[in-house]
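Pasting my_file_14.pdb here (PDB, C-alpha atoms):
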```pdb
ATOM      1  CA  VAL A  16     330.463 -58.755 -91.162  1.00  0.00           C
ATOM      2  CA  GLN A  17     333.550 -56.553 -91.526  1.00  0.00           C
ATOM      3  CA  LEU A  18     336.857 -58.234 -92.314  1.00  0.00           C
ATOM      4  CA  GLN A  19     340.363 -56.913 -91.660  1.00  0.00           C
ATOM      5  CA  ALA A  20     343.294 -58.806 -93.165  1.00  0.00           C
ATOM      6  CA  SER A  21     346.882 -58.451 -91.993  1.00  0.00           C
ATOM      7  CA  GLY A  22     350.229 -60.209 -91.991  1.00  0.00           C
ATOM      8  CA  GLY A  23     351.478 -59.668 -95.517  1.00  0.00           C
ATOM      9  CA  GLY A  24     354.995 -58.603 -96.321  1.00  0.00           C
ATOM     10  CA  LEU A  25     358.172 -59.276 -98.258  1.00  0.00           C
ATOM     11  CA  VAL A  26     359.793 -62.677 -97.855  1.00  0.00           C
ATOM     12  CA  GLN A  27     362.401 -64.704 -99.692  1.00  0.00           C
ATOM     13  CA  ALA A  28     361.502 -67.839-101.573  1.00  0.00           C
ATOM     14  CA  GLY A  29     361.301 -70.765 -99.188  1.00  0.00           C
ATOM     15  CA  GLY A  30     360.213 -68.531 -96.356  1.00  0.00           C
ATOM     16  CA  TYR A  31     356.908 -68.312 -94.539  1.00  0.00           C
ATOM     17  CA  LEU A  32     354.214 -65.875 -93.530  1.00  0.00           C
ATOM     18  CA  ARG A  33     351.044 -66.099 -91.483  1.00  0.00           C
ATOM     19  CA  LEU A  34     348.067 -64.070 -92.601  1.00  0.00           C
ATOM     20  CA  SER A  35     345.248 -63.189 -90.233  1.00  0.00           C
ATOM     21  CA  CYS A  36     341.738 -61.978 -90.916  1.00  0.00           C
ATOM     22  CA  ALA A  37     339.782 -60.555 -88.022  1.00  0.00           C
ATOM     23  CA  ALA A  38     336.015 -60.322 -88.304  1.00  0.00           C
ATOM     24  CA  ALA A  39     333.772 -57.850 -86.539  1.00  0.00           C
ATOM     25  CA  GLY A  40     330.395 -59.281 -85.645  1.00  0.00           C
ATOM     26  CA  ARG A  41     328.781 -61.848 -83.452  1.00  0.00           C
ATOM     27  CA  THR A  42     327.991 -64.453 -86.091  1.00  0.00           C
ATOM     28  CA  PHE A  43     331.497 -65.302 -87.308  1.00  0.00           C
ATOM     29  CA  SER A  44     330.959 -69.012 -86.739  1.00  0.00           C
ATOM     30  CA  SER A  45     328.034 -69.013 -89.173  1.00  0.00           C
ATOM     31  CA  TYR A  46     330.266 -68.083 -92.117  1.00  0.00           C
ATOM     32  CA  VAL A  47     332.395 -70.218 -94.362  1.00  0.00           C
ATOM     33  CA  MET A  48     335.707 -68.391 -94.619  1.00  0.00           C
ATOM     34  CA  ALA A  49     338.155 -68.344 -97.484  1.00  0.00           C
ATOM     35  CA  TRP A  50     341.299 -66.769 -98.825  1.00  0.00           C
ATOM     36  CA  PHE A  51     341.641 -65.620-102.410  1.00  0.00           C
ATOM     37  CA  ARG A  52     344.560 -63.902-104.095  1.00  0.00           C
ATOM     38  CA  GLN A  53     345.089 -61.658-107.067  1.00  0.00           C
ATOM     39  CA  ALA A  54     348.413 -61.210-108.790  1.00  0.00           C
ATOM     40  CA  PRO A  55     349.102 -58.179-111.005  1.00  0.00           C
ATOM     41  CA  GLY A  56     347.350 -58.541-114.325  1.00  0.00           C
ATOM     42  CA  LYS A  57     345.565 -61.730-113.297  1.00  0.00           C
ATOM     43  CA  GLU A  58     342.112 -62.635-112.109  1.00  0.00           C
ATOM     44  CA  ARG A  59     341.346 -63.263-108.474  1.00  0.00           C
ATOM     45  CA  GLU A  60     341.815 -66.936-107.655  1.00  0.00           C
ATOM     46  CA  PHE A  61     340.796 -69.260-104.877  1.00  0.00           C
ATOM     47  CA  VAL A  62     343.460 -70.261-102.369  1.00  0.00           C
ATOM     48  CA  ALA A  63     341.789 -72.013 -99.424  1.00  0.00           C
ATOM     49  CA  ALA A  64     338.528 -72.282 -97.517  1.00  0.00           C
ATOM     50  CA  ILE A  65     337.340 -73.603 -94.185  1.00  0.00           C
ATOM     51  CA  ASN A  66     333.861 -74.556 -93.050  1.00  0.00           C
ATOM     52  CA  TRP A  67     331.919 -73.136 -90.127  1.00  0.00           C
ATOM     53  CA  GLY A  68     333.472 -75.189 -87.344  1.00  0.00           C
ATOM     54  CA  GLY A  69     336.878 -75.646 -88.940  1.00  0.00           C
ATOM     55  CA  GLY A  70     336.496 -79.369 -89.437  1.00  0.00           C
ATOM     56  CA  SER A  71     336.768 -79.257 -93.230  1.00  0.00           C
ATOM     57  CA  THR A  72     339.340 -77.425 -95.307  1.00  0.00           C
ATOM     58  CA  TYR A  73     339.831 -77.019 -99.026  1.00  0.00           C
ATOM     59  CA  TYR A  74     342.852 -75.902-101.035  1.00  0.00           C
ATOM     60  CA  ALA A  75     343.834 -74.933-104.515  1.00  0.00           C
ATOM     61  CA  ASP A  76     346.192 -77.498-106.017  1.00  0.00           C
ATOM     62  CA  SER A  77     348.902 -74.853-106.302  1.00  0.00           C
ATOM     63  CA  VAL A  78     349.117 -74.398-102.514  1.00  0.00           C
ATOM     64  CA  LYS A  79     348.190 -77.842-101.226  1.00  0.00           C
ATOM     65  CA  GLY A  80     350.814 -79.132 -98.834  1.00  0.00           C
ATOM     66  CA  ARG A  81     352.332 -75.670 -98.314  1.00  0.00           C
ATOM     67  CA  PHE A  82     349.440 -73.554 -96.981  1.00  0.00           C
ATOM     68  CA  THR A  83     347.164 -74.260 -94.041  1.00  0.00           C
ATOM     69  CA  ILE A  84     343.898 -72.485 -93.307  1.00  0.00           C
ATOM     70  CA  SER A  85     342.515 -72.463 -89.775  1.00  0.00           C
ATOM     71  CA  ARG A  86     340.050 -70.495 -87.710  1.00  0.00           C
ATOM     72  CA  ASP A  87     339.458 -69.558 -84.097  1.00  0.00           C
ATOM     73  CA  ASN A  88     335.772 -68.831 -83.645  1.00  0.00           C
ATOM     74  CA  ALA A  89     336.357 -67.572 -80.112  1.00  0.00           C
ATOM     75  CA  LYS A  90     338.628 -64.862 -81.551  1.00  0.00           C
ATOM     76  CA  ASN A  91     336.584 -64.264 -84.726  1.00  0.00           C
ATOM     77  CA  THR A  92     339.741 -64.839 -86.752  1.00  0.00           C
ATOM     78  CA  VAL A  93     340.785 -66.954 -89.704  1.00  0.00           C
ATOM     79  CA  TYR A  94     344.425 -67.650 -90.505  1.00  0.00           C
ATOM     80  CA  LEU A  95     346.474 -68.688 -93.487  1.00  0.00           C
ATOM     81  CA  GLN A  96     349.839 -70.213 -92.673  1.00  0.00           C
ATOM     82  CA  MET A  97     351.987 -70.075 -95.802  1.00  0.00           C
ATOM     83  CA  ASN A  98     355.166 -72.156 -95.852  1.00  0.00           C
ATOM     84  CA  ASN A  99     357.758 -72.766 -98.549  1.00  0.00           C
ATOM     85  CA  LEU A 100     356.661 -69.645-100.379  1.00  0.00           C
ATOM     86  CA  LYS A 101     357.414 -69.306-104.066  1.00  0.00           C
ATOM     87  CA  PRO A 102     357.690 -66.209-106.260  1.00  0.00           C
ATOM     88  CA  GLU A 103     354.442 -67.250-107.951  1.00  0.00           C
ATOM     89  CA  ASP A 104     352.664 -66.800-104.620  1.00  0.00           C
ATOM     90  CA  THR A 105     353.200 -63.053-104.947  1.00  0.00           C
ATOM     91  CA  ALA A 106     349.780 -61.397-104.869  1.00  0.00           C
ATOM     92  CA  VAL A 107     347.336 -59.406-102.820  1.00  0.00           C
ATOM     93  CA  TYR A 108     345.566 -61.821-100.513  1.00  0.00           C
ATOM     94  CA  TYR A 109     341.939 -61.282 -99.580  1.00  0.00           C
ATOM     95  CA  CYS A 110     339.873 -62.972 -96.937  1.00  0.00           C
ATOM     96  CA  ALA A 111     336.206 -63.542 -97.656  1.00  0.00           C
ATOM     97  CA  ALA A 112     333.112 -64.727 -95.837  1.00  0.00           C
ATOM     98  CA  ALA A 113     330.088 -66.531 -97.195  1.00  0.00           C
ATOM     99  CA  ASN A 114     326.787 -67.291 -95.520  1.00  0.00           C
ATOM    100  CA  PHE A 115     326.393 -70.694 -97.159  1.00  0.00           C
ATOM    101  CA  MET A 116     323.763 -73.113 -95.988  1.00  0.00           C
ATOM    102  CA  PHE A 117     325.144 -75.715 -98.371  1.00  0.00           C
ATOM    103  CA  TYR A 118     328.047 -75.729-100.781  1.00  0.00           C
ATOM    104  CA  ASN A 119     330.053 -77.801-103.197  1.00  0.00           C
ATOM    105  CA  ARG A 120     333.572 -77.259-104.449  1.00  0.00           C
ATOM    106  CA  VAL A 121     332.430 -75.232-107.448  1.00  0.00           C
ATOM    107  CA  VAL A 122     330.557 -72.792-105.239  1.00  0.00           C
ATOM    108  CA  LEU A 123     333.284 -72.742-102.609  1.00  0.00           C
ATOM    109  CA  THR A 124     336.024 -71.789-105.053  1.00  0.00           C
ATOM    110  CA  SER A 125     334.120 -69.029-106.853  1.00  0.00           C
ATOM    111  CA  SER A 126     334.639 -65.487-105.611  1.00  0.00           C
ATOM    112  CA  ALA A 127     331.183 -64.537-106.896  1.00  0.00           C
ATOM    113  CA  HIS A 128     329.521 -66.512-104.087  1.00  0.00           C
ATOM    114  CA  TYR A 129     331.180 -64.680-101.202  1.00  0.00           C
ATOM    115  CA  ASP A 130     329.291 -61.943 -99.427  1.00  0.00           C
ATOM    116  CA  TYR A 131     331.983 -60.030 -97.568  1.00  0.00           C
ATOM    117  CA  TRP A 132     335.585 -59.164 -98.348  1.00  0.00           C
ATOM    118  CA  GLY A 133     338.543 -57.787 -96.466  1.00  0.00           C
ATOM    119  CA  GLN A 134     340.720 -55.040 -97.867  1.00  0.00           C
ATOM    120  CA  GLY A 135     343.605 -57.299 -98.896  1.00  0.00           C
ATOM    121  CA  THR A 136     347.136 -57.718 -97.655  1.00  0.00           C
ATOM    122  CA  GLU A 137     350.095 -57.802-100.019  1.00  0.00           C
ATOM    123  CA  VAL A 138     352.512 -60.711-100.152  1.00  0.00           C
ATOM    124  CA  THR A 139     355.725 -60.423-102.145  1.00  0.00           C
ATOM    125  CA  VAL A 140     358.041 -63.399-102.511  1.00  0.00           C
ATOM    126  CA  SER A 141     361.491 -62.658-103.905  1.00  0.00           C
ATOM    127  CA  SER A 142     363.546 -65.255-105.740  1.00  0.00           C
TER     128      SER A 142
END
```
Is it possible to give me this structure as C-alpha coordinates?
Amino acid sequence: VQLQASGGGLVQAGGYLRLSCAAAGRTFSSYVMAWFRQAPGKEREFVAAINWGGGSTYYADSVKGRFTISRDNAKNTVYLQMNNLKPEDTAVYYCAAANFMFYNRVVLTSSAHYDYWGQGTEVTVSS
(Lines of atoms letter the chains of each structure in order from A and count residues from 1; the text may use other names and numbers.)
(Lines give C-alpha, C1' and ligand atoms only; values in the text may rest on other atoms or scores of the structure.)
Protein backbone atom coordinates (compact mmCIF):
# COMPACT_ATOMS: atom_id res chain seq x y z
CA VAL A 1 0.00 0.00 0.00
CA GLN A 2 1.22 3.52 -0.79
CA LEU A 3 0.73 6.21 1.83
CA GLN A 4 0.59 9.98 1.32
CA ALA A 5 0.62 12.20 4.40
CA SER A 6 -0.48 15.83 4.41
CA GLY A 7 -1.68 18.60 6.69
CA GLY A 8 1.48 19.70 8.44
CA GLY A 9 2.44 23.30 8.91
CA LEU A 10 3.46 26.05 11.30
CA VAL A 11 1.19 26.76 14.25
CA GLN A 12 1.45 28.62 17.53
CA ALA A 13 1.46 26.80 20.83
CA GLY A 14 -2.09 26.02 21.87
CA GLY A 15 -3.21 25.75 18.29
CA TYR A 16 -4.36 22.75 16.30
CA LEU A 17 -3.70 20.86 13.10
CA ARG A 18 -5.29 17.89 11.38
CA LEU A 19 -3.03 15.47 9.57
CA SER A 20 -4.34 13.15 6.88
CA CYS A 21 -2.83 10.04 5.37
CA ALA A 22 -4.36 8.73 2.18
CA ALA A 23 -3.70 5.14 1.17
CA ALA A 24 -3.69 3.75 -2.34
CA GLY A 25 -4.93 0.18 -2.52
CA ARG A 26 -8.01 -1.88 -2.03
CA THR A 27 -7.10 -3.51 1.28
CA PHE A 28 -6.80 -0.44 3.51
CA SER A 29 -9.20 -1.88 6.06
CA SER A 30 -6.91 -4.87 6.61
CA TYR A 31 -4.11 -2.68 7.99
CA VAL A 32 -3.52 -1.34 11.45
CA MET A 33 -2.61 2.30 10.96
CA ALA A 34 -0.36 4.47 13.07
CA TRP A 35 1.35 7.82 13.32
CA PHE A 36 4.95 8.19 14.38
CA ARG A 37 7.05 11.33 14.64
CA GLN A 38 10.70 12.22 14.54
CA ALA A 39 12.13 15.41 15.95
CA PRO A 40 15.54 16.71 14.85
CA GLY A 41 18.30 14.70 16.46
CA LYS A 42 15.89 12.22 18.03
CA GLU A 43 14.69 8.74 17.24
CA ARG A 44 11.35 8.10 15.62
CA GLU A 45 8.67 7.65 18.28
CA PHE A 46 5.18 6.26 18.42
CA VAL A 47 2.32 8.74 18.58
CA ALA A 48 -0.96 6.88 18.00
CA ALA A 49 -2.45 3.81 16.37
CA ILE A 50 -5.87 2.55 15.36
CA ASN A 51 -7.05 -0.97 14.64
CA TRP A 52 -8.61 -2.26 11.44
CA GLY A 53 -12.17 -1.11 12.02
CA GLY A 54 -11.34 1.94 14.11
CA GLY A 55 -12.86 0.57 17.28
CA SER A 56 -9.62 0.60 19.27
CA THR A 57 -7.11 3.41 19.56
CA TYR A 58 -3.79 3.72 21.33
CA TYR A 59 -1.75 6.78 22.27
CA ALA A 60 1.63 7.74 23.59
CA ASP A 61 1.34 9.24 27.06
CA SER A 62 2.76 12.51 25.77
CA VAL A 63 -0.21 13.10 23.45
CA LYS A 64 -3.05 11.41 25.31
CA GLY A 65 -5.96 13.77 25.75
CA ARG A 66 -4.69 16.16 23.07
CA PHE A 67 -4.46 14.02 19.91
CA THR A 68 -7.14 11.85 18.34
CA ILE A 69 -6.55 9.22 15.68
CA SER A 70 -9.41 8.14 13.43
CA ARG A 71 -9.91 6.42 10.11
CA ASP A 72 -12.42 6.35 7.28
CA ASN A 73 -12.11 3.02 5.51
CA ALA A 74 -14.48 4.16 2.77
CA LYS A 75 -12.01 6.95 1.92
CA ASN A 76 -8.85 4.91 2.60
CA THR A 77 -7.70 7.66 4.95
CA VAL A 78 -6.41 7.91 8.50
CA TYR A 79 -6.40 11.18 10.42
CA LEU A 80 -4.60 12.68 13.36
CA GLN A 81 -6.37 15.58 15.03
CA MET A 82 -3.83 17.46 17.13
CA ASN A 83 -5.14 19.98 19.65
CA ASN A 84 -3.40 22.13 22.24
CA LEU A 85 -0.11 21.75 20.41
CA LYS A 86 3.12 22.31 22.29
CA PRO A 87 6.59 23.23 21.02
CA GLU A 88 7.73 19.71 21.93
CA ASP A 89 5.30 18.35 19.34
CA THR A 90 7.51 19.82 16.62
CA ALA A 91 8.60 16.96 14.37
CA VAL A 92 8.13 15.26 11.05
CA TYR A 93 5.04 13.09 11.32
CA TYR A 94 4.84 9.81 9.46
CA CYS A 95 1.88 7.56 8.89
CA ALA A 96 2.48 3.83 8.79
CA ALA A 97 0.57 0.67 7.98
CA ALA A 98 1.01 -2.80 9.39
CA ASN A 99 -0.54 -6.06 8.26
CA PHE A 100 -0.92 -7.44 11.78
CA MET A 101 -2.98 -10.52 12.44
CA PHE A 102 -2.46 -10.04 16.16
CA TYR A 103 -0.66 -7.41 18.20
CA ASN A 104 0.12 -6.19 21.67
CA ARG A 105 1.17 -2.75 22.80
CA VAL A 106 4.87 -3.53 22.46
CA VAL A 107 4.45 -4.54 18.83
CA LEU A 108 2.03 -1.72 18.10
CA THR A 109 4.38 0.99 19.33
CA SER A 110 7.52 -0.25 17.57
CA SER A 111 8.30 1.26 14.18
CA ALA A 112 10.17 -1.91 13.21
CA HIS A 113 6.89 -3.83 12.89
CA TYR A 114 5.28 -1.55 10.30
CA ASP A 115 5.39 -2.54 6.66
CA TYR A 116 4.61 0.68 4.82
CA TRP A 117 5.43 4.32 5.46
CA GLY A 118 4.33 7.66 4.11
CA GLN A 119 6.79 10.37 3.19
CA GLY A 120 6.23 12.49 6.30
CA THR A 121 4.67 15.87 6.89
CA GLU A 122 6.38 18.53 8.97
CA VAL A 123 4.76 20.10 12.01
CA THR A 124 6.33 23.13 13.66
CA VAL A 125 4.88 24.56 16.85
CA SER A 126 6.17 27.98 17.88
CA SER A 127 6.18 29.15 21.48
Exercise. So which residues get picked by the PyMOL selection byres ((chain A and resi 82) around 7) here, written as number ranges by chain?
Worked result: A: 78-81, 83-84, 95-98
Proximity of region 98-142 of chain A to region 31-42 of chain A: per-residue shortest pair, 7 Å limit, only C-alpha atoms, as CSV:
```
residue,atom,partner,partner_atom,distance
A:Asn98,CA,A:Tyr31,CA,4.4
A:Asn99,CA,A:Tyr31,CA,6.1
A:Leu100,CA,A:Tyr31,CA,6.0
A:Cys110,CA,A:Cys36,CA,6.4
```
Exercise. For Val16 (chain A), which residue among A:Ala127, A:Lys57, A:Gly68, A:Gly133 is the nearest when counting only C-alpha atoms?
Worked result: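 Of A:Ala127, A:Lys57, A:Gly68, A:Gly133, the one nearest Val16 (chain A), counting only C-alpha atoms, is A:Gly133.
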For this session: Identify, on the basis of all atoms listed in the file, every residue whose closest approach to Val47 (chain A) does not exceed 8 Å; exclude the query and any residue fewer than 3 positions from it along the same chain; express the result as a PyMOL selection string.
Result: chain A and resi 44+64-67+112-115
Can you give me, as a PDB file with C-alpha atoms, in the coordinates of the input, the residues this file yields under the PyMOL selection byres ((chain A and resi 28) around 12)?
```pdb
ATOM      1  CA  LEU A  25     358.172 -59.276 -98.258  1.00  0.00           C
ATOM      2  CA  VAL A  26     359.793 -62.677 -97.855  1.00  0.00           C
ATOM      3  CA  GLN A  27     362.401 -64.704 -99.692  1.00  0.00           C
ATOM      4  CA  GLY A  29     361.301 -70.765 -99.188  1.00  0.00           C
ATOM      5  CA  GLY A  30     360.213 -68.531 -96.356  1.00  0.00           C
ATOM      6  CA  TYR A  31     356.908 -68.312 -94.539  1.00  0.00           C
ATOM      7  CA  LEU A  32     354.214 -65.875 -93.530  1.00  0.00           C
ATOM      8  CA  MET A  97     351.987 -70.075 -95.802  1.00  0.00           C
ATOM      9  CA  ASN A  98     355.166 -72.156 -95.852  1.00  0.00           C
ATOM     10  CA  ASN A  99     357.758 -72.766 -98.549  1.00  0.00           C
ATOM     11  CA  LEU A 100     356.661 -69.645-100.379  1.00  0.00           C
ATOM     12  CA  LYS A 101     357.414 -69.306-104.066  1.00  0.00           C
ATOM     13  CA  PRO A 102     357.690 -66.209-106.260  1.00  0.00           C
ATOM     14  CA  GLU A 103     354.442 -67.250-107.951  1.00  0.00           C
ATOM     15  CA  ASP A 104     352.664 -66.800-104.620  1.00  0.00           C
ATOM     16  CA  THR A 105     353.200 -63.053-104.947  1.00  0.00           C
ATOM     17  CA  VAL A 138     352.512 -60.711-100.152  1.00  0.00           C
ATOM     18  CA  THR A 139     355.725 -60.423-102.145  1.00  0.00           C
ATOM     19  CA  VAL A 140     358.041 -63.399-102.511  1.00  0.00           C
ATOM     20  CA  SER A 141     361.491 -62.658-103.905  1.00  0.00           C
ATOM     21  CA  SER A 142     363.546 -65.255-105.740  1.00  0.00           C
TER      22      SER A 142
END
```
Problem set entry | Interatomic distance, CA of Gln19 (chain A) to CA of Ser125 (chain A) (Å, one decimal) | 20.4 Å
For this session: Would you work out the distance separating CA of Ala49 (chain A) from CA of Val62 (chain A), expressed in Å to one decimal?
Result: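 A separation of 7.5 Å between them.
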Problem set entry | Closest of A:Tyr94, A:Phe43, A:Tyr131, A:Phe61 to Ala111 (chain A) - atom-to-atom distances counting only C-alpha atoms |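 Comparing A:Tyr94, A:Phe43, A:Tyr131, A:Phe61 against Ala111 (chain A), the winner is A:Tyr131.
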For this session: Write out as a list in words each polymer residue whose atoms come within 6 Å of Val107 (chain A), counting all atoms listed in the file; drop sequence neighbours fewer than 6 positions from it.
Result: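 Selected residues are Arg52, Gln53, Gly135, Thr136, Glu137 and Val138 of chain A.
The gap separating CA of Phe51 (chain A) from CA of Val122 (chain A) is 13.5 Å, in Å to one decimal.
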Test item: axis-aligned box, all listed atoms of region 50-55 of chain A, 6 Å on each side, centre and edges in Å rounded to one decimal, as lines of an AutoDock Vina configuration file:
```
center_x = 345.2
center_y = -62.5
center_z = -104.9
size_x = 19.8
size_y = 20.6
size_z = 24.2
```
Exercise. Between A:Gly70, A:Ala75, A:Trp50, A:Gly23, which one has atoms that come closest to Ser126 (chain A), using all atoms listed in the file?
Worked result: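 Ranking A:Gly70, A:Ala75, A:Trp50, A:Gly23 by distance to Ser126 (chain A), first place goes to A:Trp50.
Here the question is which of A:Tyr109, A:Ser85, A:Gly22, A:Thr92 gets nearest to Tyr129 (chain A) using all atoms listed in the file, and that residue is A:Tyr109.
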